[in-house]
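One file, start_4.txt, carrying compact mmCIF, C-alpha atoms and all ligand atoms:
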```
# COMPACT_ATOMS: atom_id res chain seq x y z
CA MET A 198 118.61 84.59 71.42
CA THR A 199 114.91 85.54 71.51
CA THR A 200 113.03 83.06 73.69
CA ILE A 201 109.33 82.16 73.72
CA LEU A 202 108.98 84.09 76.97
CA ASP A 203 110.41 87.20 75.24
CA LYS A 204 107.90 86.72 72.41
CA ILE A 205 104.94 86.27 74.77
CA LEU A 206 105.95 89.36 76.76
CA ALA A 207 106.46 91.44 73.60
CA ALA A 208 102.95 90.51 72.44
CA LYS A 209 101.54 91.60 75.81
CA ILE A 210 102.44 95.25 75.12
CA GLY A 211 99.84 95.55 72.36
CA GLN A 212 97.22 93.69 74.43
CA ILE A 213 97.84 95.99 77.38
CA GLU A 214 97.44 99.08 75.18
CA GLN A 215 94.00 97.72 74.14
CA MET A 216 93.09 96.99 77.77
CA LEU A 217 94.05 100.51 78.84
CA LEU A 218 91.52 101.83 76.31
CA ARG A 219 88.82 99.75 78.05
CA PRO A 220 89.43 99.89 81.80
CA VAL A 221 87.19 97.58 83.85
CA SER A 222 85.11 98.40 86.89
CA ASP A 223 86.44 97.63 90.35
CA GLN A 224 82.89 96.99 91.51
CA ALA A 225 82.49 93.47 90.11
CA GLU A 226 80.38 91.24 92.32
CA ILE A 227 82.76 89.17 94.41
CA ILE A 228 82.01 85.56 95.30
CA VAL A 229 83.76 84.83 98.60
CA ARG A 230 86.08 81.88 98.02
CA LYS A 231 88.26 79.88 100.36
CA SER A 232 91.85 81.12 100.53
CA LEU A 233 94.21 79.01 98.41
CA PHE A 234 96.96 79.43 100.99
CA ASP A 235 94.69 78.19 103.79
CA ALA A 236 93.65 75.19 101.72
CA LEU A 237 97.27 74.22 101.09
CA TYR A 238 99.08 75.10 104.30
CA GLN A 239 99.84 71.91 106.24
CA SER A 240 97.52 69.88 104.01
CA LYS A 241 98.01 66.16 104.58
CA THR A 242 97.12 65.46 100.97
CA LEU A 243 98.83 66.72 97.83
CA GLN A 244 96.26 69.13 96.44
CA VAL A 245 95.54 69.54 92.73
CA ILE A 246 95.26 72.82 90.85
CA SER A 247 93.62 71.76 87.60
CA GLU A 248 94.18 73.87 84.54
CA ILE A 249 92.01 74.88 81.59
CA LYS A 250 94.60 74.77 78.80
CA ARG A 251 93.45 74.82 75.19
CA ALA A 252 96.88 75.10 73.54
CA SER A 253 100.47 75.92 74.33
CA PRO A 254 103.61 77.08 72.58
CA SER A 255 105.37 73.79 73.33
CA LYS A 256 102.53 71.41 72.34
CA GLY A 257 100.34 73.41 69.92
CA LEU A 258 96.64 72.54 70.10
CA ILE A 259 95.81 70.44 73.18
CA ALA A 260 92.01 70.50 73.41
CA GLU A 261 89.76 71.81 70.66
CA GLY A 262 86.29 73.26 71.25
CA ILE A 263 86.21 72.54 74.97
CA ASN A 264 83.60 73.92 77.34
CA PRO A 265 85.54 75.53 80.24
CA ALA A 266 82.53 75.50 82.61
CA GLU A 267 81.93 71.79 82.05
CA LYS A 268 85.64 70.98 82.56
CA ALA A 269 85.74 73.11 85.70
CA THR A 270 82.71 71.34 87.15
CA ARG A 271 84.35 67.96 86.59
CA TYR A 272 87.58 69.22 88.18
CA VAL A 273 85.65 70.39 91.24
CA ASP A 274 83.71 67.10 91.46
CA ALA A 275 87.07 65.31 91.56
CA GLY A 276 88.24 67.50 94.45
CA ALA A 277 90.49 70.06 92.75
CA VAL A 278 91.51 72.80 95.20
CA CYS A 279 91.71 75.56 92.57
CA ILE A 280 91.16 75.98 88.83
CA SER A 281 93.90 77.62 86.80
CA VAL A 282 92.68 79.34 83.64
CA LEU A 283 95.12 80.44 80.95
CA THR A 284 93.85 83.76 79.66
CA ASP A 285 96.51 84.50 77.07
CA THR A 286 95.02 84.28 73.56
CA PRO A 287 97.86 84.44 70.99
CA PHE A 288 99.92 81.60 72.47
CA PHE A 289 97.39 79.58 74.56
CA GLN A 290 94.01 80.36 72.95
CA GLY A 291 92.60 81.27 76.36
CA THR A 292 90.48 84.32 77.21
CA PHE A 293 89.21 86.33 80.16
CA ASP A 294 85.77 85.10 79.05
CA ASP A 295 86.94 81.53 79.82
CA LEU A 296 87.93 82.70 83.28
CA ALA A 297 84.63 84.54 83.83
CA GLU A 298 82.64 81.49 82.73
CA VAL A 299 84.56 79.24 85.13
CA ALA A 300 84.23 81.76 87.97
CA ARG A 301 80.44 81.91 87.48
CA THR A 302 80.20 78.12 87.55
CA VAL A 303 82.32 77.00 90.51
CA ASP A 304 83.05 78.49 93.92
CA ILE A 305 86.64 77.34 94.54
CA PRO A 306 89.48 79.85 93.95
CA ILE A 307 90.32 80.60 90.31
CA LEU A 308 93.89 81.36 89.29
CA CYS A 309 94.41 83.76 86.40
CA LYS A 310 97.39 82.18 84.63
CA ASP A 311 98.78 84.85 82.41
CA PHE A 312 101.97 86.81 81.85
CA ILE A 313 101.28 89.83 84.02
CA ILE A 314 103.50 92.87 83.50
CA HIS A 315 101.00 95.72 84.11
CA PRO A 316 98.37 96.46 86.83
CA ILE A 317 95.56 96.63 84.25
CA GLN A 318 95.93 92.86 83.75
CA ILE A 319 95.31 92.39 87.47
CA ASP A 320 92.18 94.56 87.17
CA TYR A 321 90.96 92.38 84.29
CA ALA A 322 91.72 89.19 86.23
CA LYS A 323 89.80 90.38 89.28
CA ASN A 324 86.93 91.68 87.19
CA ALA A 325 86.61 88.26 85.51
CA GLY A 326 86.44 86.55 88.92
CA ALA A 327 90.00 85.47 89.70
CA ALA A 328 90.93 85.08 93.37
CA VAL A 329 94.59 84.36 92.62
CA VAL A 330 96.98 85.85 90.04
CA LEU A 331 100.29 84.55 88.78
CA LEU A 332 103.47 86.62 88.81
CA ILE A 333 106.42 85.08 87.00
CA VAL A 334 109.72 86.22 88.50
CA ALA A 335 111.61 85.63 85.23
CA ALA A 336 109.27 88.06 83.45
CA LEU A 337 109.72 91.02 85.81
CA GLU A 338 112.50 93.11 87.26
CA GLN A 339 112.35 93.29 91.07
CA GLY A 340 110.81 96.78 91.35
CA MET A 341 107.90 95.90 89.06
CA LEU A 342 107.51 92.45 90.66
CA ASN A 343 107.22 94.13 94.04
CA SER A 344 104.75 96.76 92.92
CA LEU A 345 102.51 94.26 91.05
CA TYR A 346 102.59 91.95 94.08
CA LYS A 347 101.50 94.78 96.38
CA TYR A 348 98.88 95.95 93.90
CA ALA A 349 97.32 92.47 93.68
CA VAL A 350 97.30 92.07 97.47
CA SER A 351 95.73 95.54 97.85
CA LYS A 352 92.90 94.32 95.59
CA GLY A 353 92.24 91.37 97.89
CA LEU A 354 93.87 88.80 95.62
CA GLU A 355 96.30 86.03 96.52
CA VAL A 356 99.45 85.76 94.44
CA LEU A 357 101.22 82.67 93.13
CA VAL A 358 104.84 83.71 92.57
CA GLU A 359 106.54 81.44 90.04
CA VAL A 360 110.25 80.65 90.14
CA HIS A 361 112.59 78.37 88.27
CA ASP A 362 115.89 78.53 90.17
CA SER A 363 117.45 79.50 93.48
CA VAL A 364 118.09 83.12 92.48
CA GLU A 365 114.42 83.52 91.57
CA LEU A 366 113.40 81.84 94.84
CA ASP A 367 115.46 84.45 96.66
CA ARG A 368 113.60 87.20 94.79
CA ALA A 369 110.23 85.65 95.66
CA LEU A 370 111.24 85.50 99.33
CA GLN A 371 112.23 89.19 99.23
CA LEU A 372 108.54 89.90 98.47
CA ASP A 373 107.58 87.70 101.41
CA ALA A 374 105.52 85.61 98.97
CA LYS A 375 103.47 82.97 100.76
CA ILE A 376 102.54 80.86 97.75
CA ILE A 377 105.53 79.93 95.63
CA GLY A 378 105.34 77.81 92.49
CA ILE A 379 108.28 76.00 91.00
CA ASN A 380 107.86 75.66 87.28
CA ASN A 381 109.41 72.39 86.16
CA ARG A 382 109.25 73.72 82.59
CA ASP A 383 112.06 76.01 81.54
CA LEU A 384 110.10 78.79 79.83
CA ARG A 385 113.11 79.52 77.65
CA THR A 386 113.77 76.00 76.32
CA PHE A 387 110.48 74.12 77.10
CA GLN A 388 112.50 71.40 78.80
CA VAL A 389 110.52 69.80 81.66
CA ASP A 390 112.33 68.25 84.62
CA LEU A 391 110.73 67.43 87.98
CA SER A 392 114.14 67.61 89.63
CA ARG A 393 113.66 71.41 89.49
CA THR A 394 111.19 70.94 92.32
CA ALA A 395 113.67 68.75 94.22
CA GLU A 396 116.49 71.28 93.84
CA ILE A 397 114.47 74.28 94.98
CA ALA A 398 112.64 72.35 97.70
CA ALA A 399 116.04 71.51 99.18
CA ILE A 400 116.57 75.21 99.99
CA PHE A 401 112.90 76.19 100.52
CA PRO A 402 112.13 77.69 103.96
CA PHE A 403 109.43 75.19 104.96
CA GLU A 404 109.77 76.29 108.58
CA GLU A 405 108.18 79.63 107.61
CA GLU A 406 104.50 79.94 106.75
CA ARG A 407 104.82 79.33 103.02
CA VAL A 408 103.61 76.73 100.57
CA LEU A 409 105.35 75.21 97.60
CA ILE A 410 103.52 74.22 94.43
CA SER A 411 105.09 72.03 91.77
CA GLU A 412 104.00 73.20 88.30
CA SER A 413 104.13 71.52 84.88
CA GLY A 414 104.98 68.07 83.61
CA ILE A 415 102.87 66.11 86.11
CA TRP A 416 101.35 63.06 84.37
CA ASP A 417 100.55 60.43 86.97
CA SER A 418 100.66 59.31 90.60
CA ILE A 419 104.36 58.46 90.29
CA ASP A 420 105.11 62.12 89.51
CA ALA A 421 102.74 63.21 92.29
CA ILE A 422 104.39 60.95 94.87
CA LYS A 423 107.79 62.25 93.79
CA VAL A 424 107.00 65.96 94.22
CA ALA A 425 105.01 65.31 97.41
CA SER A 426 108.12 63.65 98.84
CA TYR A 427 110.08 66.83 98.03
CA GLY A 428 107.60 68.86 100.09
CA ALA A 429 105.09 70.19 97.53
CA SER A 430 101.66 71.03 98.94
CA ALA A 431 100.06 71.02 95.50
CA VAL A 432 100.63 70.31 91.84
CA LEU A 433 99.49 72.53 89.00
CA VAL A 434 98.45 70.30 86.13
CA GLY A 435 97.40 71.25 82.61
CA GLU A 436 98.03 69.04 79.61
CA SER A 437 97.67 65.61 81.21
CA LEU A 438 94.23 66.48 82.63
CA MET A 439 93.10 68.20 79.43
CA ARG A 440 93.96 65.07 77.45
CA SER A 441 92.48 62.63 79.95
CA GLY A 442 89.25 60.87 79.06
CA GLU A 443 88.73 60.14 82.77
CA ILE A 444 89.22 63.50 84.43
CA GLU A 445 87.84 62.51 87.84
CA ASN A 446 90.12 59.46 88.13
CA ALA A 447 93.06 61.43 86.79
CA VAL A 448 92.67 64.19 89.39
CA ARG A 449 92.06 61.73 92.23
CA SER A 450 95.16 59.69 91.35
CA LEU A 451 97.28 62.79 92.02
CA GLN A 452 95.84 63.42 95.50
CA VAL A 453 98.49 61.36 97.25
CA LYS A 454 99.40 61.47 100.94
CA ARG A 455 102.11 63.89 101.93
CA GLU A 456 104.20 64.35 105.02
CA VAL A 457 103.81 67.80 106.50
CA ILE A 458 107.26 69.35 106.46
CA THR A 459 107.90 72.00 109.08
CA SER A 460 111.67 72.18 109.21
O1 LIG B 1 103.01 75.07 78.40
C1 LIG B 1 103.83 75.69 77.69
O2 LIG B 1 104.23 75.28 76.59
C2 LIG B 1 104.37 77.02 78.13
C3 LIG B 1 105.31 77.65 77.35
C4 LIG B 1 105.81 78.88 77.72
C5 LIG B 1 105.35 79.50 78.85
C6 LIG B 1 104.41 78.87 79.65
C7 LIG B 1 103.91 77.64 79.30
N1 LIG B 1 102.93 77.02 80.04
C8 LIG B 1 102.24 77.63 81.13
C9 LIG B 1 102.26 76.78 82.31
O3 LIG B 1 102.89 77.17 83.28
C10 LIG B 1 101.57 75.45 82.29
O4 LIG B 1 100.38 75.58 81.57
C11 LIG B 1 101.20 74.83 83.62
O5 LIG B 1 102.25 74.85 84.53
C12 LIG B 1 100.75 73.37 83.39
O6 LIG B 1 101.75 72.65 82.73
P1 LIG B 1 101.45 71.20 82.12
O7 LIG B 1 100.82 70.37 83.19
O8 LIG B 1 102.79 70.65 81.73
O9 LIG B 1 100.55 71.38 80.96
```
What does this structure look like when you write it as structure tokens?
Amino acid sequence: MTTILDKILAAKIGQIEQMLLRPVSDQAEIIVRKSLFDALYQSKTLQVISEIKRASPSKGLIAEGINPAEKATRYVDAGAVCISVLTDTPFFQGTFDDLAEVARTVDIPILCKDFIIHPIQIDYAKNAGAAVVLLIVAALEQGMLNSLYKYAVSKGLEVLVEVHDSVELDRALQLDAKIIGINNRDLRTFQVDLSRTAEIAAIFPFEEERVLISESGIWDSIDAIKVASYGASAVLVGESLMRSGEIENAVRSLQVKREVITS
């Protein structure tokens, strides 16, 4: 069965061919931003990574005609630790221009949330101002995952490595990934279940210097308290914040207390 992830990845091939025709400079001006890992490690509060998400394959159009810079400013005012920007156009209506606009406007780390399968995408992310890139374990075989991880680190970027089950967690740990995201959404079926975070947290090596982020399907403080109790240092939140009329309150309601888990 062809899944949505297969379709997104297939579409990337054409986009990458276009990117390779227009390589970007490595000399982009870099704004020094706080490390995402440092901001999360042993944080006593559940931190919020707020996403700019115009549309998605599971929900269609989420927010029409938004101004990414204005949204990002409101996220920062509410205390977001990082802004995630979806840069995929065909399925999410995002762009690298969205990312660049956000990066010019705020000085917290920006995560390029895309489906990265080639180093040129990392070059584009960095050139647009990203400080963090996403690598999805389910989208990459181990050799490519490893080489993209090393490439991103060599460019001075942090990497959020996304997993969905224990086998993928194992693969992320083989890279020695420090920032590991558990996607509560099954990218093959769209089903969202916060118990994904509970299951993987139960085998997560908290005693090592690593942080766990719970991604997708976070709507309110009840969800936040739940994943904080599993050991998450942060939540990555898209749709619920994009639909909220009260962004500042919505972000703040997720910044719940957490116990620092060390073993
Ligand atoms: O959101 C989707 O429908 C989706 C489908 C297939 C692949 C990825 C998808 N989303 C990307 C994300 O990981 C989310 O935007 C992010 O975790 C925030 O999720 P949410 O808070 O549920 O909007």
Would you mind listing the residues within 7 Å of ligand LIG 1 (chain B), counting only C-alpha atoms and all ligand atoms, as a list in words?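 Taking only C-alpha atoms and all ligand atoms into account, the residues around ligand LIG 1 (chain B) at most 7 Å away are Ile201, Leu202, Glu248, Lys250, Ser253, Pro254, Ser255, Lys256, Asn380, Leu384, Phe387, Glu412, Ser413, Gly414, Ile415, Leu433, Val434, Gly435, Glu436 and Ser437 of chain A.
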Compare A:Ile249, A:Leu391, A:Ile400, A:Ala277 by their minimum atom-to-atom distance to Val448 (chain A), counting all atoms listed in the file, and give me the closest one. A:Ala277
Could you pull the residues within 12 Å of Ala369 (chain A), counting all atoms listed in the file, minus those fewer than 3 positions along the same chain, as a PyMOL selection string? chain A and resi 332-335+337-340+342-343+346+356-366+372-379+401-402+407+409
For Lys241 (chain A), which of A:Gly262, A:Gly326, A:Pro220, A:Gly428 is the closest residue, counting only C-alpha atoms?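 Answer, going by the shortest atom-to-atom distance: A:Gly428.
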Here is a test: counting only C-alpha atoms, which residue of A:Leu243, A:Val299, A:Ile280, A:Ile228 is nearest to Ala429 (chain A)? A:Leu243
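Nearest-residue note for Ala260 (chain A): choosing from A:Gln388, A:Gln290, A:Leu308, A:Asp274, the minimum distance belongs to A:Gln290, counting all atoms listed in the file.
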Let me have the centre and edge lengths in Å, one decimal, of the box along x, y and z around every listed atom of region 230-240 of chain A with 8 Å of margin on each side, as JSON.
```
{"center_x": 93.0, "center_y": 75.9, "center_z": 102.1, "size_x": 29.8, "size_y": 28.0, "size_z": 24.2}
```
Distance criterion (all atoms listed in the file): nearest to Thr200 (chain A) out of A:Ala425, A:Arg449, A:Ala252, A:Arg385: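 Of all the options, A:Arg385 lies closest to Thr200 (chain A).
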Grab the CA of Asp320 (chain A) to CA of Glu298 (chain A) distance for me, in Å with one decimal place. 16.8 Å
Identify, on the basis of only C-alpha atoms, every residue whose closest approach to Pro316 (chain A) does not exceed 10 Å; exclude the query and any residue fewer than 3 positions from it along the same chain; express the result as a list of chain:residue names. A:Ile213, A:Leu217, A:Ile313, A:Ile319, A:Asp320, A:Tyr321, A:Ala322, A:Met341, A:Ser344, A:Leu345, A:Tyr346, A:Tyr348, A:Ala349
Selection from above, C-alpha atoms, as an mmCIF file, keeping the file's coordinate frame, can you write it?
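Output below, filename again_14.cif:
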```
data_model
loop_
_atom_site.group_PDB
_atom_site.id
_atom_site.type_symbol
_atom_site.label_atom_id
_atom_site.label_comp_id
_atom_site.auth_asym_id
_atom_site.auth_seq_id
_atom_site.Cartn_x
_atom_site.Cartn_y
_atom_site.Cartn_z
ATOM 1 C CA ILE A 213 97.840 95.990 77.380
ATOM 2 C CA LEU A 217 94.050 100.510 78.840
ATOM 3 C CA ILE A 313 101.280 89.830 84.020
ATOM 4 C CA ILE A 319 95.310 92.390 87.470
ATOM 5 C CA ASP A 320 92.180 94.560 87.170
ATOM 6 C CA TYR A 321 90.960 92.380 84.290
ATOM 7 C CA ALA A 322 91.720 89.190 86.230
ATOM 8 C CA MET A 341 107.900 95.900 89.060
ATOM 9 C CA SER A 344 104.750 96.760 92.920
ATOM 10 C CA LEU A 345 102.510 94.260 91.050
ATOM 11 C CA TYR A 346 102.590 91.950 94.080
ATOM 12 C CA TYR A 348 98.880 95.950 93.900
ATOM 13 C CA ALA A 349 97.320 92.470 93.680
#
```
Interatomic distance (Å, one decimal) between CA of Arg271 (chain A) and CA of Ala297 (chain A):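 Going from CA of Arg271 (chain A) over to CA of Ala297 (chain A), I get 16.8 Å.
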Within 9 Å of Phe293 (chain A) using only C-alpha atoms, minus same-chain residues under 6 positions, as an MDAnalysis selection string: chainID A and resid 282:285 309 321:322 325
Just the number, please: distance in Å from CA of Ala421 (chain A) to CA of Asp235 (chain A), one decimal. 20.5 Å
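Candidate residues A:Ser441, A:Thr286, A:Ser418, A:Ser430 were compared for distance to Tyr272 (chain A), and the nearest is A:Ser441, using all atoms listed in the file.
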Starting from the sparse input, extend region 220-247 of chain A to N, CA and C atoms and give the output as a compact mmCIF listing (two decimals), in the coordinates of the input.
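Just written: selection08.txt:
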```txt
# COMPACT_ATOMS: atom_id res chain seq x y z
N PRO A 220 89.24 100.28 80.39
CA PRO A 220 89.43 99.89 81.80
C PRO A 220 88.17 99.21 82.33
N VAL A 221 88.35 98.30 83.31
CA VAL A 221 87.19 97.58 83.85
C VAL A 221 86.84 98.11 85.23
N SER A 222 85.59 97.90 85.60
CA SER A 222 85.11 98.40 86.89
C SER A 222 85.73 97.60 88.04
N ASP A 223 85.91 98.29 89.15
CA ASP A 223 86.44 97.63 90.35
C ASP A 223 85.29 97.11 91.20
N GLN A 224 84.08 97.28 90.68
CA GLN A 224 82.89 96.99 91.51
C GLN A 224 82.28 95.63 91.19
N ALA A 225 83.06 94.77 90.49
CA ALA A 225 82.49 93.47 90.11
C ALA A 225 82.01 92.73 91.36
N GLU A 226 80.91 92.01 91.19
CA GLU A 226 80.38 91.24 92.32
C GLU A 226 81.42 90.18 92.71
N ILE A 227 81.73 90.11 94.00
CA ILE A 227 82.76 89.17 94.41
C ILE A 227 82.14 87.97 95.10
N ILE A 228 82.45 86.78 94.61
CA ILE A 228 82.01 85.56 95.30
C ILE A 228 83.11 85.25 96.32
N VAL A 229 82.74 85.11 97.58
CA VAL A 229 83.76 84.83 98.60
C VAL A 229 84.22 83.38 98.42
N ARG A 230 85.52 83.23 98.23
CA ARG A 230 86.08 81.88 98.02
C ARG A 230 87.08 81.59 99.11
N LYS A 231 87.29 80.30 99.36
CA LYS A 231 88.26 79.88 100.36
C LYS A 231 89.65 80.34 99.92
N SER A 232 90.49 80.71 100.89
CA SER A 232 91.85 81.12 100.53
C SER A 232 92.64 79.91 100.03
N LEU A 233 93.38 80.10 98.94
CA LEU A 233 94.21 79.01 98.41
C LEU A 233 95.29 78.66 99.42
N PHE A 234 95.90 79.69 100.01
CA PHE A 234 96.96 79.43 100.99
C PHE A 234 96.42 78.56 102.13
N ASP A 235 95.26 78.95 102.67
CA ASP A 235 94.69 78.19 103.79
C ASP A 235 94.40 76.74 103.40
N ALA A 236 93.97 76.55 102.15
CA ALA A 236 93.65 75.19 101.72
C ALA A 236 94.91 74.33 101.57
N LEU A 237 96.04 74.98 101.33
CA LEU A 237 97.27 74.22 101.09
C LEU A 237 98.14 74.06 102.33
N TYR A 238 98.12 75.08 103.18
CA TYR A 238 99.08 75.10 104.30
C TYR A 238 98.84 73.90 105.22
N GLN A 239 99.86 73.10 105.40
CA GLN A 239 99.84 71.91 106.24
C GLN A 239 98.81 70.87 105.80
N SER A 240 98.44 70.91 104.52
CA SER A 240 97.52 69.88 104.01
C SER A 240 98.21 68.51 104.07
N LYS A 241 97.43 67.51 104.47
CA LYS A 241 98.01 66.16 104.58
C LYS A 241 97.95 65.42 103.24
N THR A 242 97.25 66.06 102.30
CA THR A 242 97.12 65.46 100.97
C THR A 242 97.73 66.42 99.95
N LEU A 243 98.36 65.87 98.93
CA LEU A 243 98.83 66.72 97.83
C LEU A 243 97.59 67.24 97.09
N GLN A 244 97.45 68.55 97.07
CA GLN A 244 96.26 69.13 96.44
C GLN A 244 96.51 69.34 94.94
N VAL A 245 95.41 69.43 94.19
CA VAL A 245 95.54 69.54 92.73
C VAL A 245 94.93 70.85 92.23
N ILE A 246 95.75 71.63 91.55
CA ILE A 246 95.26 72.82 90.85
C ILE A 246 95.13 72.40 89.39
N SER A 247 93.89 72.32 88.93
CA SER A 247 93.62 71.76 87.60
C SER A 247 93.47 72.91 86.61
```
